[in-house]
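Shown next: data20.cif, containing mmCIF, C-alpha atoms and all ligand atoms.
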```cif
data_data
loop_
_atom_site.label_atom_id
_atom_site.label_comp_id
_atom_site.auth_asym_id
_atom_site.auth_seq_id
_atom_site.Cartn_x
_atom_site.Cartn_y
_atom_site.Cartn_z
CA MET X 1 76.67 99.09 3.29
CA ARG X 2 79.45 99.24 5.91
CA LYS X 3 78.63 102.93 6.47
CA PHE X 4 74.95 102.03 6.94
CA ILE X 5 75.78 99.33 9.50
CA THR X 6 78.06 101.75 11.40
CA LEU X 7 75.26 104.30 11.45
CA VAL X 8 72.76 101.75 12.75
CA LEU X 9 75.24 100.65 15.44
CA LEU X 10 75.91 104.25 16.47
CA LEU X 11 72.17 104.97 16.65
CA ALA X 12 71.59 101.82 18.70
CA ALA X 13 74.42 102.83 21.08
CA ALA X 14 72.96 106.33 21.44
CA MET X 15 69.51 104.89 22.17
CA THR X 16 70.93 102.44 24.72
CA SER X 17 72.82 105.15 26.58
CA ARG X 18 69.67 107.39 26.52
CA ALA X 19 67.63 104.52 27.87
CA ALA X 20 70.22 103.87 30.58
CA GLU X 21 70.06 107.46 31.83
CA PRO X 22 68.28 107.35 35.19
CA VAL X 23 64.81 108.86 35.32
CA MET X 24 63.33 110.32 38.50
CA PRO X 25 60.38 108.24 39.59
CA THR X 26 57.02 109.92 40.04
CA VAL X 27 56.31 110.04 43.77
CA LYS X 28 52.89 111.04 45.08
CA GLY X 29 53.13 110.91 48.84
CA GLU X 30 53.54 107.18 49.39
CA PRO X 31 56.31 106.26 51.87
CA PHE X 32 59.65 106.53 50.06
CA ILE X 33 61.64 103.65 51.48
CA ALA X 34 65.45 103.65 51.44
CA SER X 35 67.64 100.51 51.64
CA ASP X 36 67.54 100.77 55.47
CA GLY X 37 63.83 99.96 55.26
CA LYS X 38 62.78 103.40 56.48
CA HIS X 39 60.97 106.35 54.90
CA ILE X 40 63.52 108.87 53.62
CA ASN X 41 64.04 111.44 56.37
CA ALA X 42 65.40 114.26 54.18
CA HIS X 43 63.00 117.18 53.82
CA GLY X 44 63.16 120.63 52.26
CA GLY X 45 66.11 119.39 50.25
CA ALA X 46 67.44 118.84 46.76
CA ILE X 47 69.54 116.42 44.75
CA LEU X 48 73.11 116.95 43.54
CA LEU X 49 74.58 114.82 40.72
CA HIS X 50 78.30 114.33 41.09
CA ASP X 51 80.49 111.81 39.21
CA GLY X 52 77.52 109.58 38.33
CA THR X 53 76.06 109.44 41.84
CA TYR X 54 72.97 111.31 43.01
CA TYR X 55 73.16 112.86 46.49
CA TRP X 56 69.86 113.78 48.13
CA TYR X 57 70.32 116.21 51.03
CA GLY X 58 67.53 117.29 53.32
CA GLU X 59 66.41 118.06 56.86
CA ASN X 60 66.65 115.07 59.19
CA ARG X 61 63.71 115.48 61.52
CA GLY X 62 64.80 112.85 64.07
CA ASP X 63 61.85 110.82 65.27
CA GLY X 64 59.50 113.55 64.14
CA THR X 65 58.63 115.12 67.51
CA PRO X 66 57.57 118.68 66.66
CA GLY X 67 60.22 121.22 67.63
CA LYS X 68 62.60 118.52 68.84
CA GLY X 69 65.04 115.91 67.66
CA GLN X 70 66.51 117.54 64.59
CA LYS X 71 69.86 115.84 64.09
CA GLY X 72 71.10 117.93 61.20
CA VAL X 73 71.28 117.42 57.47
CA ALA X 74 70.77 113.93 56.07
CA CYS X 75 72.26 112.53 52.88
CA TYR X 76 71.03 109.61 50.79
CA THR X 77 72.77 108.36 47.64
CA SER X 78 71.59 106.59 44.52
CA THR X 79 72.81 105.69 41.06
CA ASP X 80 69.35 105.22 39.55
CA LEU X 81 67.27 107.85 41.43
CA LYS X 82 64.94 105.08 42.62
CA ASN X 83 66.98 103.09 45.14
CA TRP X 84 68.51 105.18 47.90
CA ASP X 85 71.09 104.40 50.59
CA ASN X 86 71.13 106.31 53.84
CA LYS X 87 74.57 107.89 54.34
CA GLY X 88 73.62 109.35 57.71
CA ILE X 89 73.96 112.88 59.00
CA VAL X 90 76.47 114.92 57.02
CA LEU X 91 76.09 118.17 58.97
CA ALA X 92 75.35 117.41 62.59
CA VAL X 93 73.98 119.46 65.46
CA THR X 94 76.29 119.52 68.46
CA ASP X 95 75.94 119.16 72.24
CA SER X 96 78.38 121.98 72.78
CA VAL X 97 76.45 124.63 74.74
CA GLY X 98 76.28 128.00 73.03
CA ALA X 99 77.59 126.72 69.68
CA PRO X 100 75.60 127.99 66.70
CA LEU X 101 74.59 124.44 65.80
CA GLU X 102 73.67 123.51 69.37
CA ARG X 103 71.03 120.77 69.47
CA GLY X 104 67.64 122.49 69.47
CA CYS X 105 68.58 124.93 66.70
CA ILE X 106 66.55 124.76 63.49
CA ILE X 107 68.15 123.74 60.21
CA GLU X 108 65.91 123.94 57.15
CA ARG X 109 66.06 123.70 53.37
CA PRO X 110 69.73 122.65 52.98
CA LYS X 111 71.13 122.85 49.45
CA VAL X 112 74.53 121.51 48.40
CA VAL X 113 76.52 122.56 45.34
CA TYR X 114 79.95 121.49 44.13
CA ASN X 115 82.59 124.09 43.44
CA PRO X 116 85.06 122.74 40.83
CA ALA X 117 87.51 125.61 41.46
CA THR X 118 87.96 124.79 45.16
CA GLY X 119 87.06 121.09 45.00
CA LYS X 120 84.67 121.67 47.93
CA PHE X 121 81.05 120.74 48.42
CA VAL X 122 79.27 123.79 49.77
CA MET X 123 76.08 123.58 51.81
CA TRP X 124 73.80 126.54 52.49
CA PHE X 125 70.88 126.24 54.86
CA HIS X 126 68.30 128.27 56.74
CA HIS X 127 69.50 128.44 60.33
CA GLU X 128 67.66 129.52 63.46
CA LEU X 129 69.67 129.58 66.68
CA LYS X 130 68.47 127.50 69.60
CA GLY X 131 65.71 129.00 71.71
CA VAL X 132 64.61 131.88 69.51
CA GLY X 133 62.03 130.19 67.34
CA TYR X 134 62.32 131.71 63.89
CA GLY X 135 63.79 134.95 65.23
CA SER X 136 67.38 134.70 63.94
CA ALA X 137 66.53 134.47 60.23
CA TYR X 138 70.10 133.39 59.48
CA SER X 139 71.69 131.53 56.62
CA GLY X 140 74.41 129.04 57.46
CA VAL X 141 77.21 127.78 55.24
CA ALA X 142 79.28 124.62 55.63
CA VAL X 143 81.88 122.88 53.45
CA SER X 144 83.19 119.39 52.94
CA ASP X 145 85.82 117.68 50.78
CA SER X 146 83.46 114.76 50.30
CA PRO X 147 79.81 114.80 49.22
CA THR X 148 78.94 112.54 52.14
CA GLY X 149 80.55 114.88 54.66
CA PRO X 150 81.31 115.58 57.33
CA PHE X 151 80.45 119.18 56.49
CA VAL X 152 82.25 121.76 58.61
CA HIS X 153 80.16 124.76 59.62
CA LEU X 154 81.88 128.01 58.54
CA ASN X 155 79.42 130.59 59.81
CA SER X 156 75.82 131.72 60.04
CA GLY X 157 74.30 135.14 59.91
CA ARG X 158 72.20 137.65 58.10
CA ILE X 159 73.08 138.69 54.58
CA ASN X 160 75.10 141.59 53.18
CA PRO X 161 75.18 143.92 56.22
CA GLY X 162 75.53 147.58 55.32
CA ILE X 163 74.82 147.01 51.62
CA TYR X 164 71.73 148.19 49.76
CA PRO X 165 70.13 145.97 47.13
CA GLU X 166 71.11 147.21 43.70
CA ASN X 167 67.49 147.69 42.62
CA LEU X 168 66.43 149.84 45.60
CA PRO X 169 66.10 153.36 44.17
CA GLU X 170 68.38 155.97 45.68
CA GLU X 171 65.43 158.11 46.87
CA TYR X 172 64.04 155.23 49.01
CA ARG X 173 67.31 154.56 50.82
CA LYS X 174 67.17 157.52 53.16
CA ILE X 175 63.47 157.44 54.12
CA GLN X 176 62.95 157.47 57.91
CA TRP X 177 60.08 155.03 58.39
CA PRO X 178 57.94 155.13 61.55
CA LYS X 179 58.74 152.10 63.75
CA ASP X 180 55.18 151.27 64.70
CA MET X 181 53.33 151.16 61.39
CA GLU X 182 50.25 148.97 61.49
CA TRP X 183 50.73 145.87 59.30
CA TRP X 184 48.64 145.18 56.17
CA THR X 185 47.32 148.73 55.73
CA PRO X 186 47.75 150.29 52.26
CA GLU X 187 50.40 152.68 53.69
CA TRP X 188 52.29 149.78 55.21
CA ARG X 189 52.20 147.85 51.90
CA LYS X 190 53.62 150.90 50.09
CA ALA X 191 56.32 151.20 52.74
CA VAL X 192 57.25 147.52 52.34
CA GLU X 193 57.49 147.99 48.58
CA LYS X 194 59.75 150.98 49.07
CA GLY X 195 62.11 148.96 51.25
CA MET X 196 61.07 149.81 54.83
CA PHE X 197 62.39 146.45 56.12
CA THR X 198 65.49 146.53 53.93
CA VAL X 199 66.42 149.85 55.47
CA ARG X 200 65.48 148.66 58.98
CA ASP X 201 67.83 145.65 58.62
CA LEU X 202 70.59 147.38 56.69
CA ASP X 203 73.20 147.51 59.46
CA GLY X 204 72.74 143.95 60.74
CA GLY X 205 72.14 142.39 57.33
CA GLN X 206 69.02 141.15 55.62
CA MET X 207 66.83 138.41 57.08
CA ALA X 208 67.00 135.03 55.29
CA ARG X 209 64.67 132.09 55.89
CA ASP X 210 63.43 129.70 53.15
CA MET X 211 66.18 129.43 50.56
CA THR X 212 67.83 127.77 47.63
CA VAL X 213 71.15 128.00 45.80
CA PHE X 214 71.38 128.06 42.04
CA VAL X 215 74.53 127.56 39.93
CA ASP X 216 74.26 129.09 36.48
CA ASP X 217 75.80 127.76 33.24
CA ASP X 218 78.68 130.20 33.61
CA GLY X 219 79.54 128.74 37.03
CA LYS X 220 78.26 131.73 39.02
CA ALA X 221 76.18 130.82 42.05
CA TYR X 222 73.25 132.68 43.59
CA HIS X 223 71.54 132.47 46.97
CA VAL X 224 67.79 133.02 46.84
CA TYR X 225 65.97 133.56 50.13
CA SER X 226 62.81 134.88 51.75
CA SER X 227 63.75 138.12 53.42
CA GLU X 228 62.06 141.08 55.13
CA GLU X 229 59.83 139.03 57.49
CA ASN X 230 59.20 136.60 54.59
CA LEU X 231 57.61 139.40 52.60
CA THR X 232 60.22 139.81 49.87
CA LEU X 233 62.58 137.50 48.00
CA ASN X 234 66.23 138.41 47.61
CA ILE X 235 68.62 137.05 45.00
CA ALA X 236 72.21 137.48 46.12
CA GLU X 237 75.32 136.65 44.14
CA LEU X 238 77.89 134.34 45.76
CA ASP X 239 81.64 134.74 45.27
CA SER X 240 83.80 132.28 43.33
CA THR X 241 84.14 129.99 46.38
CA TYR X 242 80.32 129.88 46.79
CA THR X 243 80.84 130.44 50.53
CA ARG X 244 80.40 134.22 50.72
CA HIS X 245 78.15 136.88 49.25
CA THR X 246 79.71 139.40 46.87
CA GLY X 247 77.41 142.21 48.02
CA ARG X 248 75.41 142.27 44.77
CA TYR X 249 71.78 141.50 45.42
CA ILE X 250 68.28 142.41 44.34
CA ARG X 251 64.84 142.36 45.94
CA ILE X 252 62.00 140.82 43.98
CA PHE X 253 58.23 140.90 44.53
CA PRO X 254 58.40 143.11 47.65
CA GLY X 255 55.43 142.30 49.86
CA GLY X 256 54.64 139.24 47.72
CA HIS X 257 55.05 136.83 50.65
CA ASN X 258 56.96 134.09 48.82
CA GLU X 259 58.56 131.08 50.48
CA ALA X 260 60.09 127.80 49.32
CA PRO X 261 61.92 129.10 46.21
CA ALA X 262 62.89 126.51 43.59
CA LEU X 263 64.82 127.93 40.66
CA PHE X 264 65.73 126.40 37.31
CA LYS X 265 66.74 127.42 33.82
CA HIS X 266 65.10 126.09 30.67
CA ASN X 267 66.04 127.17 27.15
CA GLY X 268 67.79 130.28 28.47
CA THR X 269 64.88 131.47 30.67
CA TYR X 270 65.08 131.49 34.48
CA TRP X 271 61.99 130.09 36.17
CA MET X 272 61.14 130.07 39.83
CA ILE X 273 58.38 128.20 41.63
CA THR X 274 57.52 129.41 45.14
CA SER X 275 54.75 129.03 47.69
CA GLY X 276 52.81 131.53 49.75
CA CYS X 277 53.38 131.79 53.51
CA THR X 278 50.98 129.62 55.51
CA GLY X 279 53.31 127.80 57.92
CA TRP X 280 53.22 124.04 57.33
CA ALA X 281 49.84 124.19 55.58
CA PRO X 282 49.92 123.89 51.79
CA ASN X 283 48.87 126.76 49.56
CA GLU X 284 48.82 127.71 45.90
CA ALA X 285 52.21 127.70 44.15
CA ARG X 286 53.45 130.71 42.21
CA LEU X 287 55.54 130.93 39.05
CA MET X 288 57.97 133.65 38.04
CA LYS X 289 60.30 134.12 35.11
CA ALA X 290 63.22 136.27 34.03
CA ASP X 291 65.64 136.59 31.12
CA ASN X 292 68.36 137.66 33.52
CA ILE X 293 68.68 136.14 36.98
CA MET X 294 69.33 139.59 38.47
CA GLY X 295 66.00 140.82 37.09
CA ASP X 296 63.55 141.90 36.00
CA TRP X 297 61.26 139.09 37.16
CA THR X 298 57.64 138.67 36.01
CA GLN X 299 54.91 136.81 37.87
CA LEU X 300 52.73 134.24 36.07
CA PRO X 301 49.76 132.14 37.19
CA ASN X 302 50.00 129.02 39.36
CA PRO X 303 52.05 126.40 37.47
CA CYS X 304 49.96 123.52 38.90
CA ARG X 305 46.99 122.33 36.88
CA GLY X 306 44.09 120.00 37.56
CA GLU X 307 42.61 118.67 40.76
CA GLY X 308 44.59 119.72 43.82
CA ALA X 309 46.30 122.61 42.02
CA LYS X 310 45.04 125.15 44.57
CA THR X 311 47.13 123.50 47.29
CA THR X 312 50.08 122.43 45.10
CA PHE X 313 48.70 118.88 45.47
CA ASP X 314 49.02 119.27 49.27
CA SER X 315 52.69 120.11 49.08
CA GLN X 316 55.22 122.93 49.12
CA SER X 317 58.06 123.30 46.63
CA THR X 318 61.61 122.54 47.66
CA ALA X 319 63.60 122.20 44.41
CA VAL X 320 63.47 121.50 40.71
CA ALA X 321 65.82 118.67 39.77
CA HIS X 322 67.29 119.06 36.29
CA PHE X 323 69.07 116.02 34.92
CA GLY X 324 69.63 115.62 31.17
CA ASP X 325 66.59 117.11 29.47
CA ARG X 326 64.22 116.25 32.33
CA TYR X 327 62.94 118.61 35.01
CA THR X 328 61.24 117.32 38.13
CA PHE X 329 59.26 119.30 40.67
CA MET X 330 60.32 118.20 44.16
CA ALA X 331 58.03 119.13 47.04
CA ASP X 332 57.29 118.33 50.67
CA MET X 333 53.91 117.16 51.92
CA TRP X 334 54.50 118.44 55.44
CA ASN X 335 53.13 116.57 58.41
CA PRO X 336 53.56 119.06 61.27
CA LYS X 337 52.60 116.41 63.84
CA ASN X 338 55.47 114.23 62.67
CA LEU X 339 57.80 116.14 60.37
CA ALA X 340 60.00 113.06 59.84
CA ASP X 341 57.05 111.35 58.21
CA SER X 342 56.40 114.25 55.83
CA ARG X 343 55.98 112.67 52.43
CA HIS X 344 57.68 113.51 49.16
CA LEU X 345 56.04 114.63 45.94
CA TRP X 346 58.08 114.30 42.72
CA LEU X 347 56.27 115.24 39.52
CA PRO X 348 57.70 115.75 36.03
CA ILE X 349 57.58 119.34 34.80
CA LYS X 350 55.96 119.72 31.40
CA PHE X 351 56.28 122.69 29.08
CA ASP X 352 53.59 124.41 27.01
CA ALA X 353 54.22 125.18 23.35
CA ASP X 354 55.41 128.67 24.41
CA GLY X 355 57.87 127.16 26.90
CA THR X 356 55.85 127.86 30.09
CA PRO X 357 56.35 125.10 32.66
CA TYR X 358 53.39 123.38 34.30
CA ILE X 359 52.76 120.50 36.66
CA THR X 360 49.96 117.97 36.81
CA LYS X 361 49.49 115.10 39.23
CA ASP X 362 48.08 112.60 36.73
C1 LIG Y 1 57.16 127.27 55.89
C2 LIG Y 1 58.56 127.02 55.41
O1 LIG Y 1 58.53 126.88 54.03
C3 LIG Y 1 59.12 125.77 56.08
O2 LIG Y 1 60.40 125.53 55.60
C4 LIG Y 1 59.09 126.00 57.56
O3 LIG Y 1 59.92 127.06 57.89
C5 LIG Y 1 57.67 126.29 58.01
N1 LIG Y 1 57.16 127.45 57.31
C6 LIG Y 1 57.58 126.54 59.49
O4 LIG Y 1 56.29 126.91 59.85
#
```

For the file at hand, write its structure as structure tokens.
Amino acid sequence: MRKFITLVLLLAAAMTSRAAEPVMPTVKGEPFIASDGKHINAHGGAILLHDGTYYWYGENRGDGTPGKGQKGVACYTSTDLKNWDNKGIVLAVTDSVGAPLERGCIIERPKVVYNPATGKFVMWFHHELKGVGYGSAYSGVAVSDSPTGPFVHLNSGRINPGIYPENLPEEYRKIQWPKDMEWWTPEWRKAVEKGMFTVRDLDGGQMARDMTVFVDDDGKAYHVYSSEENLTLNIAELDSTYTRHTGRYIRIFPGGHNEAPALFKHNGTYWMITSGCTGWAPNEARLMKADNIMGDWTQLPNPCRGEGAKTTFDSQSTAVAHFGDRYTFMADMWNPKNLADSRHLWLPIKFDADGTPYITKD
């Protein structure tokens, strides 16, 4: 009898702790109000869980004026994933003329990971220098001892200068491509596939725009970014500090035009949700999978189902949050006229019997 009572008590305790585990709310584009009474101004971001607190980092778009007013990277915290406190700007733009983070630069898609070996919080972000539009195609990296900053900018630049991707065949590395090939012709597509832009950018490093960072179960971190004029995704390994690239990287889906990568692992399989490239306008999401993060990757149909699936329910992926056994698709419903007021879409990811993830809005 005593054994039975102990078992019942243990079961009850397990159920209570399961019930107490925070669940991400479903968010469908309504204003997401923080404790300051304002819509959460953190876009293109992701959530980090550290010591029982959730940290949501994203682009602060100032008052929303297009092309102006970006203050840096915002951080909000929560213990229940529903109520969020604004912790302010944790990586700030500066008024120092000529500095890489000079006000007017573009900071997009920040992702923060914790490195237990160094005790540092590491932020990677897409960085465009002031005054060049999207011409820099840099990635920036910043570190902090505290999850709420201030993050100190280490550097920004293109990726892995002088190093070929490990899956670019030897015979393609030395091809001399004509400089003025007309875009979108069959010859041009073949040239893109064979690494024309990789070779073009070899010396200065590969372009990097939309991006994410993924930390695997073994503690290794990877930087995933849209490269080659947004035509090709790269997956690049980070070193043990998470602040530098090791030089190992692969190209995937050359010419596939993928942006907004959101990577997660479920039952040993790597999954990635991306978007196409249509500026701020929504388009149809894509799904890819791999048994090994460094390839090969396979493309599958759109993971969104039901009404609105063709436009990812009017959104664009930014991250997949994985807490406990729950996976949540996080996306931005961009409002290019007022980016600060872009709304958030959080939908639970479901899995088919064969393990394929899918998303519905209902
Ligand atoms: C699509 C990207 O996913 C966004 O992060 C942003 O760079 C816009 N393009 C700009 O048009």

Write out as a VMD selection string the residues lying within 6 Å of region 21-38 of chain X, counting only C-alpha atoms and excluding same-chain residues fewer than 2 positions away. chain X and resid 18 to 19 40 80 to 81 84 to 85 343 to 347

Compute the set of protein, DNA and RNA residues whose minimum atom distance to ligand LIG 1 (chain Y) is at most 8 Å, using all atoms listed in the file, and state it as a PyMOL selection string. chain X and resi 44+108-109+134+209-210+259-260+275+277-281+316

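Taking CA of Met123 (chain X) as the reference point, CA of His153 (chain X) is found at 8.9 Å.
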
Which residues are near Gly58 (chain X)? Cut-off 9 Å, only C-alpha atoms, ignore same chain within fewer than 5 positions. Put them as a PyMOL selection string. chain X and resi 41-47+72-76+108-111

Can you spit out the residues from that selection as a PDB file, in the coordinates of the input, using C-alpha atoms?
```
ATOM      1  CA  ASN X  41      64.040 111.440  56.370  1.00  0.00           C
ATOM      2  CA  ALA X  42      65.400 114.260  54.180  1.00  0.00           C
ATOM      3  CA  HIS X  43      63.000 117.180  53.820  1.00  0.00           C
ATOM      4  CA  GLY X  44      63.160 120.630  52.260  1.00  0.00           C
ATOM      5  CA  GLY X  45      66.110 119.390  50.250  1.00  0.00           C
ATOM      6  CA  ALA X  46      67.440 118.840  46.760  1.00  0.00           C
ATOM      7  CA  ILE X  47      69.540 116.420  44.750  1.00  0.00           C
ATOM      8  CA  GLY X  72      71.100 117.930  61.200  1.00  0.00           C
ATOM      9  CA  VAL X  73      71.280 117.420  57.470  1.00  0.00           C
ATOM     10  CA  ALA X  74      70.770 113.930  56.070  1.00  0.00           C
ATOM     11  CA  CYS X  75      72.260 112.530  52.880  1.00  0.00           C
ATOM     12  CA  TYR X  76      71.030 109.610  50.790  1.00  0.00           C
ATOM     13  CA  GLU X 108      65.910 123.940  57.150  1.00  0.00           C
ATOM     14  CA  ARG X 109      66.060 123.700  53.370  1.00  0.00           C
ATOM     15  CA  PRO X 110      69.730 122.650  52.980  1.00  0.00           C
ATOM     16  CA  LYS X 111      71.130 122.850  49.450  1.00  0.00           C
TER      17      LYS X 111
END
```

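Using all atoms listed in the file, the shortest contact distance between Leu168 (chain X) and any of X:Thr53, X:Thr198, X:Asn230, X:Thr246 is found at X:Thr198.
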
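Pairwise distance (CA of Pro147 (chain X), CA of Val112 (chain X)) equals 8.6 Å.
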
Write out as a list in words the residues lying within 9 Å of Thr312 (chain X), counting only C-alpha atoms and excluding same-chain residues fewer than 5 positions away. Ser275, Pro282, Asn283, Glu284, Ala285, Asn302, Pro303, Cys304, Arg305, Ser317 and Ala331 of chain X

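One finds CA of Lys220 (chain X) at 16.2 Å from CA of Asn234 (chain X).
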
Spatial neighbours of Tyr249 (chain X), max dist 10 Å, all atoms listed in the file, sep filter under 4 positions, as a PyMOL selection string: chain X and resi 159-160+163-168+222-224+234-238+245+294

Mind working out the centre and edge lengths of an axis-aligned box for region 49-54 of chain X, all listed atoms inside, 3 Å added to each side, rounded to one decimal in Å and written as AutoDock Vina command-line options?
```
--center_x 76.7 --center_y 112.1 --center_z 40.7 --size_x 13.5 --size_y 11.4 --size_z 10.7
```

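Closest approach to Ile293 (chain X) among X:Val320, X:Val215, X:Ile89, X:Met333 is made by X:Val215 (distances from only C-alpha atoms).
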
Distance query Phe253 (chain X) at most 7 Å, all atoms listed in the file, self and fewer than 3 positions along chain excluded, as a list of chain:residue names: X:Thr232, X:Leu233, X:Gly256

Taking (67.4, 152.1, 61.6) in the coordinates of the supplied file, I want to know which residues reach to within 9 Å of it, counting only C-alpha atoms; could you give the answer as a PyMOL selection string? chain X and resi 176-177+179+199-203
